[in-house]
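Written out below as structure tokens is the structure these notes cover.
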Amino acid sequence: SRGVRDRLVNVRSVVGSFKAFCALLSDGQVVAWGDAKSGGVVPPSVEGDLSNVQQIVASHGAFAAVRCDGRCVTWGAEEYGGDSSQVQDQLKNVQYVTPSKRAFCAVLTDGSVVSWGDPMRVAEMLDVQEQLHDVQQLSASSNAFCA
């Protein structure tokens, strides 16, 4: 954290992936540090989108940030959910995100669920997608989700 120590002021929460950390500041900004492949460096492509953040969560190798406007921003290792580009158009009106070891699931304000990350975990979610409506709570273990 030596390189970001001066930016770690008014920290609201800190989450960690396998080799990186991310702090959510009270002003909605985020500060990441650690291994770049595990999300410890915020890429320029998403850096501008990391404002007004209300939630930060981590998988084993990536981070997801939910903004106050309901958008979700991700970065880190693709195989751990760091690349949400295939579902980005669905990641609007996000209430919250739940991480597992290799994937993320977002619960939207309409109670539906969007998942991304490890293809095997996402495929398992797609098998039950039609049953995932009016979801009130979503929990995760290392390799599974429960709604």
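We label chains A, B, ... in the order they appear in the structure tokens, count residues from 1 in each chain, and number ligands from 1 in the order shown.
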Quick one: residues within 10 Å of region 5-15 of chain A, only C-alpha atoms counted, chain neighbours fewer than 5 positions away excluded, as a list in words?
->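 Within the cut-off, the hits are Ala20, Phe21, Cys22, Ala23, Leu24, Leu25, Ser26, Asp27, Gly28, Gln29, Val30, Val31, Ala32, Trp33, Gln54, Gln55, Ile56, Val57, Ala58, Ser59 and Phe63 of chain A.
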Distance query Gly111 (chain A) at most 8 Å, only C-alpha atoms, self and fewer than 4 positions along chain excluded, as a list in words |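 The residues satisfying every condition are Val107, Leu132, His133, Asp134, Val135 and Gln136 of chain A.
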Deliver the residues from the most recent selection as a file, using C-alpha atoms, as a PDB file, in the first residue's frame.
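New file again24.pdb:
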```pdb
ATOM      1  CA  VAL A 107     -29.229  -8.548  -8.358  1.00  0.00           C
ATOM      2  CA  LEU A 132     -34.395 -16.281 -10.846  1.00  0.00           C
ATOM      3  CA  HIS A 133     -37.032 -13.591 -10.503  1.00  0.00           C
ATOM      4  CA  ASP A 134     -38.080 -11.521  -7.511  1.00  0.00           C
ATOM      5  CA  VAL A 135     -34.752 -12.395  -5.865  1.00  0.00           C
ATOM      6  CA  GLN A 136     -34.537 -10.849  -2.402  1.00  0.00           C
TER       7      GLN A 136
END
```
So, counting only C-alpha atoms, which residue among A:Gly117, A:His60, A:Thr74, A:Glu79 is closest to Glu47 (chain A)?
-> A:Thr74
Restricting to only C-alpha atoms, whichever of A:Ser45, A:Gln86, A:Asn93, A:Ser112 is closest to Glu130 (chain A) is A:Ser112
Chain A: which residues are alpha helix (DSSP H) by DSSP, as number ranges by chain?
-> A: 44-47, 119-127
Nearest candidate to Gln95 (chain A) (options A:Gly40, A:Gly48, A:Gly81, A:Gly70; using only C-alpha atoms) =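 Answer, going by the shortest atom-to-atom distance: A:Gly70.
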Using only C-alpha atoms, find the one residue out of A:Val73, A:Cys105, A:Ala64, A:Leu126 that sits nearest to Ala147 (chain A).
->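 Nearest to Ala147 (chain A): A:Cys105.
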What's around Asn143 (chain A) at 8 Å? Count only C-alpha atoms, leave out sequence neighbours fewer than 6 positions away in its own chain, and write the answer as a PDB file with C-alpha atoms, in the first residue's frame.
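Once written, out20.pdb looks like this:
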```pdb
ATOM      1  CA  SER A 100     -17.902 -16.153  -5.532  1.00  0.00           C
ATOM      2  CA  LYS A 101     -14.326 -17.304  -6.075  1.00  0.00           C
ATOM      3  CA  ARG A 102     -14.512 -17.132  -9.894  1.00  0.00           C
ATOM      4  CA  ARG A 121     -20.155 -20.934 -13.095  1.00  0.00           C
TER       5      ARG A 121
END
```
Just give me the gap between CA of Ala103 (chain A) and CA of Trp116 (chain A) in Å, one decimal is fine.
->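 Those two atoms sit 5.7 Å apart.
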Counting only C-alpha atoms, the option among A:Cys72, A:Ala77, A:Val128, A:Leu138 closest to Thr98 (chain A) =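 Looking at the shortest contact to Thr98 (chain A), the residue is A:Leu138.
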Taking the backbone alone, and naming residues the way the document does, which bits of region 38-82 of chain A are strand (DSSP E or B) by DSSP, as a ChimeraX atom specification?
-> /A:53-58,62-67,72-76
Distance of CA of Ser115 (chain A) from CA of Gln88 (chain A), expressed in Å to one decimal place =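 Taking CA of Gln88 (chain A) as the start and CA of Ser115 (chain A) as the end point, the length is 10.4 Å.
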Residue contacts of Lys37 (chain A) (10 Å, only C-alpha atoms) excluding same-chain residues fewer than 4 positions away, as a PyMOL selection string | chain A and resi 19-20+41+61-62+75-78+82
Of A:Ser17, A:Glu124, A:Gly34, A:Lys92, the one sitting nearest Arg2 (chain A) when using only C-alpha atoms is A:Gly34
Please indicate the distance in Å from CA of Val42 (chain A) to CA of Ala140 (chain A), rounded to one decimal place.
-> 24.8 Å
